[in-house]
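Dropping model-v6.pdb in here (PDB, C-alpha atoms, pLDDT in the B column):
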ATOM      1  CA  MET A  23      45.937  13.570  -3.847  1.00 46.00           C
ATOM      2  CA  ARG A  24      44.157  10.376  -4.907  1.00 44.00           C
ATOM      3  CA  SER A  25      44.426   8.755  -1.462  1.00 42.00           C
ATOM      4  CA  SER A  26      42.940  11.826   0.236  1.00 42.00           C
ATOM      5  CA  LEU A  27      39.979  11.750  -2.201  1.00 39.00           C
ATOM      6  CA  ILE A  28      39.351   8.067  -1.454  1.00 42.00           C
ATOM      7  CA  ALA A  29      39.583   8.794   2.268  1.00 41.00           C
ATOM      8  CA  ARG A  30      36.995  11.589   1.962  1.00 44.00           C
ATOM      9  CA  VAL A  31      34.561   9.368   0.025  1.00 46.00           C
ATOM     10  CA  PHE A  32      35.025   6.544   2.519  1.00 44.00           C
ATOM     11  CA  THR A  33      34.469   8.901   5.443  1.00 49.00           C
ATOM     12  CA  LYS A  34      31.277  10.309   3.913  1.00 49.00           C
ATOM     13  CA  ARG A  35      29.869   6.810   3.331  1.00 51.00           C
ATOM     14  CA  ASP A  36      30.746   5.786   6.881  1.00 49.00           C
ATOM     15  CA  THR A  37      29.033   8.881   8.235  1.00 50.00           C
ATOM     16  CA  GLU A  38      25.857   8.130   6.256  1.00 52.00           C
ATOM     17  CA  ALA A  39      25.833   4.510   7.416  1.00 50.00           C
ATOM     18  CA  VAL A  40      26.209   5.580  11.039  1.00 47.00           C
ATOM     19  CA  ARG A  41      23.486   8.217  10.678  1.00 51.00           C
ATOM     20  CA  TYR A  42      20.990   5.702   9.255  1.00 51.00           C
ATOM     21  CA  ALA A  43      21.985   2.987  11.719  1.00 50.00           C
ATOM     22  CA  GLN A  44      21.277   5.296  14.662  1.00 54.00           C
ATOM     23  CA  ILE A  45      17.586   5.457  13.819  1.00 71.00           C
ATOM     24  CA  ASP A  46      15.888   2.181  14.657  1.00 88.00           C
ATOM     25  CA  ASP A  47      13.606   0.728  11.980  1.00 90.00           C
ATOM     26  CA  ALA A  48      10.862   0.124  14.558  1.00 89.00           C
ATOM     27  CA  ALA A  49      11.086   3.779  15.583  1.00 92.00           C
ATOM     28  CA  ILE A  50      10.652   4.816  11.947  1.00 93.00           C
ATOM     29  CA  VAL A  51       7.512   2.665  11.656  1.00 91.00           C
ATOM     30  CA  ASP A  52       6.170   4.140  14.904  1.00 91.00           C
ATOM     31  CA  ARG A  53       6.810   7.696  13.690  1.00 92.00           C
ATOM     32  CA  ILE A  54       5.003   7.030  10.418  1.00 92.00           C
ATOM     33  CA  TRP A  55       1.993   5.609  12.308  1.00 89.00           C
ATOM     34  CA  ASP A  56       2.026   8.581  14.676  1.00 89.00           C
ATOM     35  CA  GLN A  57       1.841  10.966  11.710  1.00 89.00           C
ATOM     36  CA  LEU A  58      -0.936   8.938  10.036  1.00 86.00           C
ATOM     37  CA  GLU A  59      -2.995   8.909  13.229  1.00 83.00           C
ATOM     38  CA  ARG A  60      -2.963  12.714  13.286  1.00 83.00           C
ATOM     39  CA  LEU A  61      -4.895  12.792  10.001  1.00 76.00           C
ATOM     40  CA  ASP A  62      -8.368  12.381  11.470  1.00 63.00           C
ATOM     41  CA  GLY A  63     -10.212  14.399   8.823  1.00 61.00           C
ATOM     42  CA  LEU A  64      -8.744  12.527   5.857  1.00 61.00           C
ATOM     43  CA  ARG A  65     -10.833   9.369   6.298  1.00 64.00           C
ATOM     44  CA  LEU A  66      -7.792   7.194   5.728  1.00 66.00           C
ATOM     45  CA  ASP A  67      -8.647   3.575   6.418  1.00 64.00           C
ATOM     46  CA  ALA A  68      -5.446   2.846   8.301  1.00 62.00           C
ATOM     47  CA  GLU A  69      -6.601  -0.683   9.143  1.00 64.00           C
ATOM     48  CA  ARG A  70      -5.888  -1.635   5.535  1.00 74.00           C
ATOM     49  CA  ILE A  71      -2.311  -0.319   5.426  1.00 83.00           C
ATOM     50  CA  GLY A  72       0.850  -2.133   6.459  1.00 86.00           C
ATOM     51  CA  ILE A  73       4.252  -0.540   7.097  1.00 90.00           C
ATOM     52  CA  ASP A  74       7.610  -2.281   7.296  1.00 90.00           C
ATOM     53  CA  CYS A  75      11.097  -0.830   7.513  1.00 92.00           C
ATOM     54  CA  ARG A  76      14.487  -2.477   7.087  1.00 90.00           C
ATOM     55  CA  ASP A  77      17.710  -0.497   7.083  1.00 90.00           C
ATOM     56  CA  GLY A  78      15.813   2.738   6.493  1.00 92.00           C
ATOM     57  CA  VAL A  79      13.883   1.378   3.481  1.00 93.00           C
ATOM     58  CA  VAL A  80      10.141   1.632   4.117  1.00 94.00           C
ATOM     59  CA  LEU A  81       7.735  -0.832   2.486  1.00 92.00           C
ATOM     60  CA  LEU A  82       4.102   0.296   2.296  1.00 91.00           C
ATOM     61  CA  THR A  83       1.459  -2.331   1.519  1.00 86.00           C
ATOM     62  CA  GLY A  84      -2.313  -2.607   1.643  1.00 82.00           C
ATOM     63  CA  TRP A  85      -5.193  -0.638   0.160  1.00 79.00           C
ATOM     64  CA  ALA A  86      -6.132   2.994  -0.247  1.00 83.00           C
ATOM     65  CA  SER A  87      -9.410   4.441  -1.444  1.00 80.00           C
ATOM     66  CA  SER A  88      -7.819   6.960  -3.791  1.00 83.00           C
ATOM     67  CA  PRO A  89      -4.497   7.786  -5.441  1.00 88.00           C
ATOM     68  CA  MET A  90      -4.306  10.875  -3.214  1.00 88.00           C
ATOM     69  CA  GLN A  91      -4.361   8.728  -0.074  1.00 87.00           C
ATOM     70  CA  ARG A  92      -1.714   6.407  -1.538  1.00 90.00           C
ATOM     71  CA  ALA A  93       0.557   9.375  -2.298  1.00 92.00           C
ATOM     72  CA  LEU A  94      -0.090  10.970   1.091  1.00 91.00           C
ATOM     73  CA  VAL A  95       1.041   7.883   3.001  1.00 92.00           C
ATOM     74  CA  ALA A  96       4.203   7.700   0.883  1.00 95.00           C
ATOM     75  CA  ASN A  97       4.938  11.409   1.415  1.00 94.00           C
ATOM     76  CA  ILE A  98       4.519  11.056   5.162  1.00 93.00           C
ATOM     77  CA  ALA A  99       6.910   8.099   5.162  1.00 95.00           C
ATOM     78  CA  ARG A 100       9.466  10.087   3.142  1.00 96.00           C
ATOM     79  CA  SER A 101       9.290  12.970   5.609  1.00 95.00           C
ATOM     80  CA  ILE A 102      10.423  10.857   8.570  1.00 94.00           C
ATOM     81  CA  PRO A 103      14.111  11.252   9.516  1.00 93.00           C
ATOM     82  CA  GLY A 104      16.117   8.118   8.813  1.00 92.00           C
ATOM     83  CA  VAL A 105      14.029   6.995   5.831  1.00 94.00           C
ATOM     84  CA  ARG A 106      16.355   6.381   2.889  1.00 94.00           C
ATOM     85  CA  ARG A 107      13.761   5.128   0.400  1.00 94.00           C
ATOM     86  CA  VAL A 108      10.034   4.356   0.232  1.00 95.00           C
ATOM     87  CA  ASP A 109       8.740   1.345  -1.695  1.00 93.00           C
ATOM     88  CA  ASN A 110       5.054   2.169  -2.138  1.00 92.00           C
ATOM     89  CA  ARG A 111       3.057  -0.979  -2.924  1.00 89.00           C
ATOM     90  CA  ILE A 112      -0.272   0.347  -1.703  1.00 88.00           C
ATOM     91  CA  LEU A 113      -3.002  -0.581  -4.154  1.00 85.00           C
ATOM     92  CA  VAL A 114      -5.802   1.823  -5.000  1.00 87.00           C
ATOM     93  CA  SER A 115      -9.329   0.384  -5.014  1.00 83.00           C
ATOM     94  CA  GLU A 116     -10.480   2.702  -7.837  1.00 83.00           C
ATOM     95  CA  GLU A 117      -7.645   1.585 -10.097  1.00 85.00           C
ATOM     96  CA  LEU A 118      -8.308  -2.094  -9.388  1.00 86.00           C
ATOM     97  CA  ALA A 119     -11.998  -1.644 -10.130  1.00 90.00           C
ATOM     98  CA  GLY A 120     -10.994  -0.085 -13.459  1.00 90.00           C
ATOM     99  CA  GLU A 121      -8.749  -3.040 -14.268  1.00 90.00           C
ATOM    100  CA  ILE A 122     -11.561  -5.471 -13.479  1.00 92.00           C
ATOM    101  CA  MET A 123     -13.970  -3.488 -15.657  1.00 93.00           C
ATOM    102  CA  GLN A 124     -11.488  -3.597 -18.542  1.00 93.00           C
ATOM    103  CA  THR A 125     -11.337  -7.385 -18.168  1.00 92.00           C
ATOM    104  CA  LEU A 126     -15.140  -7.597 -18.262  1.00 93.00           C
ATOM    105  CA  ILE A 127     -15.262  -5.486 -21.424  1.00 93.00           C
ATOM    106  CA  ARG A 128     -12.556  -7.575 -23.070  1.00 93.00           C
ATOM    107  CA  GLU A 129     -14.161 -10.932 -22.155  1.00 93.00           C
ATOM    108  CA  LEU A 130     -17.884 -10.155 -22.391  1.00 92.00           C
ATOM    109  CA  GLY A 131     -17.965  -7.216 -24.774  1.00 91.00           C
ATOM    110  CA  LEU A 132     -18.831  -3.588 -24.226  1.00 89.00           C
ATOM    111  CA  ASP A 133     -22.528  -4.091 -24.967  1.00 90.00           C
ATOM    112  CA  ALA A 134     -22.839  -6.732 -22.239  1.00 89.00           C
ATOM    113  CA  VAL A 135     -21.413  -4.526 -19.493  1.00 89.00           C
ATOM    114  CA  ALA A 136     -22.383  -1.054 -20.760  1.00 88.00           C
ATOM    115  CA  HIS A 137     -24.722  -0.488 -17.800  1.00 91.00           C
ATOM    116  CA  ALA A 138     -22.530  -2.131 -15.160  1.00 92.00           C
ATOM    117  CA  ALA A 139     -19.926  -0.922 -12.701  1.00 92.00           C
ATOM    118  CA  VAL A 140     -17.375  -2.583 -10.450  1.00 92.00           C
ATOM    119  CA  ARG A 141     -17.072  -1.548  -6.811  1.00 88.00           C
ATOM    120  CA  ILE A 142     -14.581  -2.733  -4.215  1.00 83.00           C
ATOM    121  CA  ARG A 143     -16.471  -3.343  -0.973  1.00 78.00           C
ATOM    122  CA  ASP A 144     -15.296  -5.116   2.163  1.00 74.00           C
ATOM    123  CA  GLY A 145     -12.331  -6.637   0.366  1.00 74.00           C
ATOM    124  CA  ARG A 146     -14.376  -8.023  -2.533  1.00 82.00           C
ATOM    125  CA  ALA A 147     -15.099  -6.995  -6.097  1.00 86.00           C
ATOM    126  CA  VAL A 148     -18.820  -6.438  -6.616  1.00 89.00           C
ATOM    127  CA  VAL A 149     -20.442  -5.998 -10.027  1.00 92.00           C
ATOM    128  CA  VAL A 150     -23.566  -3.851 -10.013  1.00 91.00           C
ATOM    129  CA  GLY A 151     -25.823  -2.735 -12.826  1.00 90.00           C
ATOM    130  CA  ASP A 152     -28.254  -3.938 -15.460  1.00 89.00           C
ATOM    131  CA  PHE A 153     -27.558  -6.938 -17.660  1.00 87.00           C
ATOM    132  CA  ALA A 154     -29.466  -8.380 -20.609  1.00 85.00           C
ATOM    133  CA  ASP A 155     -29.981 -11.709 -18.833  1.00 90.00           C
ATOM    134  CA  TRP A 156     -29.075 -13.531 -15.641  1.00 91.00           C
ATOM    135  CA  GLU A 157     -26.445 -15.660 -17.411  1.00 92.00           C
ATOM    136  CA  THR A 158     -24.444 -12.589 -18.448  1.00 91.00           C
ATOM    137  CA  ALA A 159     -24.787 -11.164 -14.945  1.00 92.00           C
ATOM    138  CA  LEU A 160     -23.494 -14.399 -13.442  1.00 93.00           C
ATOM    139  CA  ARG A 161     -20.585 -14.581 -15.903  1.00 93.00           C
ATOM    140  CA  ALA A 162     -19.669 -10.971 -15.090  1.00 93.00           C
ATOM    141  CA  ARG A 163     -19.704 -11.623 -11.358  1.00 93.00           C
ATOM    142  CA  VAL A 164     -17.611 -14.792 -11.649  1.00 93.00           C
ATOM    143  CA  LEU A 165     -15.125 -13.114 -13.993  1.00 93.00           C
ATOM    144  CA  ALA A 166     -14.863 -10.075 -11.697  1.00 92.00           C
ATOM    145  CA  GLU A 167     -14.179 -12.301  -8.690  1.00 91.00           C
ATOM    146  CA  ARG A 168     -11.530 -14.311 -10.546  1.00 91.00           C
ATOM    147  CA  THR A 169      -9.820 -11.139 -11.739  1.00 90.00           C
ATOM    148  CA  TRP A 170      -9.971  -9.710  -8.223  1.00 87.00           C
ATOM    149  CA  GLN A 171      -8.379 -12.857  -6.763  1.00 86.00           C
ATOM    150  CA  SER A 172      -5.662 -12.732  -9.410  1.00 85.00           C
ATOM    151  CA  LEU A 173      -4.904  -9.094  -8.568  1.00 81.00           C
ATOM    152  CA  LEU A 174      -4.797  -9.937  -4.864  1.00 76.00           C
ATOM    153  CA  ALA A 175      -2.404 -12.822  -5.477  1.00 75.00           C
ATOM    154  CA  GLY A 176      -0.122 -10.494  -7.418  1.00 71.00           C
ATOM    155  CA  ALA A 177      -0.219  -7.957  -4.608  1.00 66.00           C
ATOM    156  CA  ARG A 178       0.676 -10.630  -2.056  1.00 64.00           C
ATOM    157  CA  ARG A 179       3.684 -11.659  -4.113  1.00 64.00           C
ATOM    158  CA  LEU A 180       4.821  -8.028  -4.249  1.00 58.00           C
ATOM    159  CA  ALA A 181       4.633  -7.722  -0.485  1.00 54.00           C
ATOM    160  CA  GLU A 182       6.803 -10.643   0.515  1.00 54.00           C
ATOM    161  CA  ARG A 183       7.799  -9.039   3.809  1.00 53.00           C
ATOM    162  CA  PRO A 184       5.389  -8.802   6.733  1.00 54.00           C
ATOM    163  CA  ALA A 185       4.315  -5.283   7.579  1.00 59.00           C
ATOM    164  CA  VAL A 186       3.275  -3.690  10.843  1.00 61.00           C
ATOM    165  CA  THR A 187      -0.442  -2.963  10.770  1.00 59.00           C
ATOM    166  CA  ARG A 188      -2.121  -0.201  12.724  1.00 58.00           C
ATOM    167  CA  ARG A 189      -3.476  -2.731  15.236  1.00 60.00           C
ATOM    168  CA  GLU A 190       0.045  -4.117  15.882  1.00 64.00           C
ATOM    169  CA  HIS A 191       1.396  -0.589  16.205  1.00 60.00           C
ATOM    170  CA  MET A 192      -1.272   0.291  18.777  1.00 62.00           C
ATOM    171  CA  GLY A 193      -0.453  -2.862  20.769  1.00 64.00           C
ATOM    172  CA  ARG A 194       3.239  -2.038  20.722  1.00 60.00           C
ATOM    173  CA  ALA A 195       2.557   1.560  21.785  1.00 60.00           C
ATOM    174  CA  ALA A 196       0.360   0.357  24.655  1.00 61.00           C
ATOM    175  CA  ALA A 197       3.065  -2.063  25.821  1.00 60.00           C
ATOM    176  CA  VAL A 198       5.701   0.691  25.803  1.00 55.00           C
ATOM    177  CA  GLY A 199       3.366   3.049  27.679  1.00 57.00           C
ATOM    178  CA  ALA A 200       2.629   0.413  30.321  1.00 49.00           C
ATOM    179  CA  VAL A 201       6.302  -0.135  31.142  1.00 42.00           C
TER     180      VAL A 201
END
Do you think you could lay out the structure here as structure tokens?
Amino acid sequence: MRSSLIARVFTKRDTEAVRYAQIDDAAIVDRIWDQLERLDGLRLDAERIGIDCRDGVVLLTGWASSPMQRALVANIARSIPGVRRVDNRILVSEELAGEIMQTLIRELGLDAVAHAAVRIRDGRAVVVGDFADWETALRARVLAERTWQSLLAGARRLAERPAVTRREHMGRAAAVGAV
């Protein structure tokens, strides 16, 4: 009885391994990009997203404008056959701006930044608003930039594997179509 149970467990594991091995990681990445490209009306900035897959485990990196976009990309990746797990390391610009603002409040005080806001534009943290004097404005901008660079460095450490960007995917698709 015990040997037949072990044989059944072993057979099930072998079957799963074969099923996942049959789907190429590059094909999984291509399928995810194909699904993302169909989302024209969503305004997803696909140039800022990277996708990597190893042994059916998908790694998502880059930036999204909102938590909804971050979740959508992860859900699309999960829906692709052959994906065993999704590691979603996409950062959300709104959340990072909030973290930077919290740092400004902690370092400069609420009164100093009460009429300020942090925006993420073109890959940089920008502080906008009214300040009591130019020195406080300068300190806020420098502190925001340092915090932004620190957050970026942390994100780079999280994404130690290179990901396929949309541009690389398009080049690969063009090469396959030309053959």
Worksheet entry | One-decimal distance in Å that lies between atom CA of A:Arg128 and atom CA of A:Arg161 | 12.8 Å
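Between atom CA of A:Ala99 and atom CA of A:Ser115 the separation is 20.7 Å.
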Worksheet item: Any idea what's packed within 8 Å of stretch 50-53 of chain A, counting all atoms listed in the file, ignoring anything in its chain fewer than 5 positions away? Could you give it as a list of chain:residue names?
Response: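 Residues near the query, excluding close chain neighbours: A:Ile45, A:Ile73, A:Asp74, A:Cys75, A:Gly78, A:Ile102, A:Pro103, A:Gly104, A:Val105, A:Val186, A:His191.
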Item to complete: Return the single residue from A:Ala147, A:Ala166, A:Ile71, A:Leu81 that is closest to A:Gln124, with distances computed using only C-alpha atoms.
Response: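 Looking only at the distances to A:Gln124, the closest residue turns out to be A:Ala166.
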Item to complete: State, in Å with one decimal place, the distance from atom CA of A:Met90 to atom CA of A:Arg168.
Response: 27.2 Å
Worksheet item: From the list A:Arg76, A:Arg107, A:Arg141, A:Arg146, which residue is nearest A:Ala119 when using only C-alpha atoms?
Response: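 Checking each candidate against A:Ala119, we get A:Arg141 as the closest.
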Practice prompt. Starting from the point (-15.6, -2.5, -15.3), work out which residues of protein, DNA or RNA have an atom no more than 8 Å away when counting all atoms listed in the file; state them as number ranges by chain.
Written response: A: 119-127, 135, 138-140, 149
Discussion item. Show me, as a list in words, the residues that have an atom within 8 Å of A:Val108 when counting all atoms listed in the file, minus same-chain residues fewer than 4 positions from it.
Written reply: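 Residues meeting the cut-off are Val79, Val80, Leu81, Leu82, Ala96, Ala99 and Arg100 of chain A.
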Practice prompt. Would you kindly return, as a ChimeraX atom specification, each protein, DNA or RNA residue with an atom no farther than 12 Å from any atom of A:Arg92, considering all atoms listed in the file and excluding same-chain residues fewer than 4 positions away?
Written response: /A:58,64,66-68,70-72,82-88,96-99,109-117
Axis-aligned box over every listed atom of stretch 67-86 of chain A, padded by 4 Å per side: centre and edges in Å to one decimal, as lines of an AutoDock Vina configuration file?
center_x = 4.5
center_y = 0.5
center_z = 4.4
size_x = 34.4
size_y = 14.2
size_z = 17.4
Discussion item. Quick one: residues within 9 Å of A:His137, only C-alpha atoms, excluding same-chain residues fewer than 5 positions away - as a list in words?
Written reply: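 So the residues in contact are Val150, Gly151, Asp152 and Phe153 of chain A.
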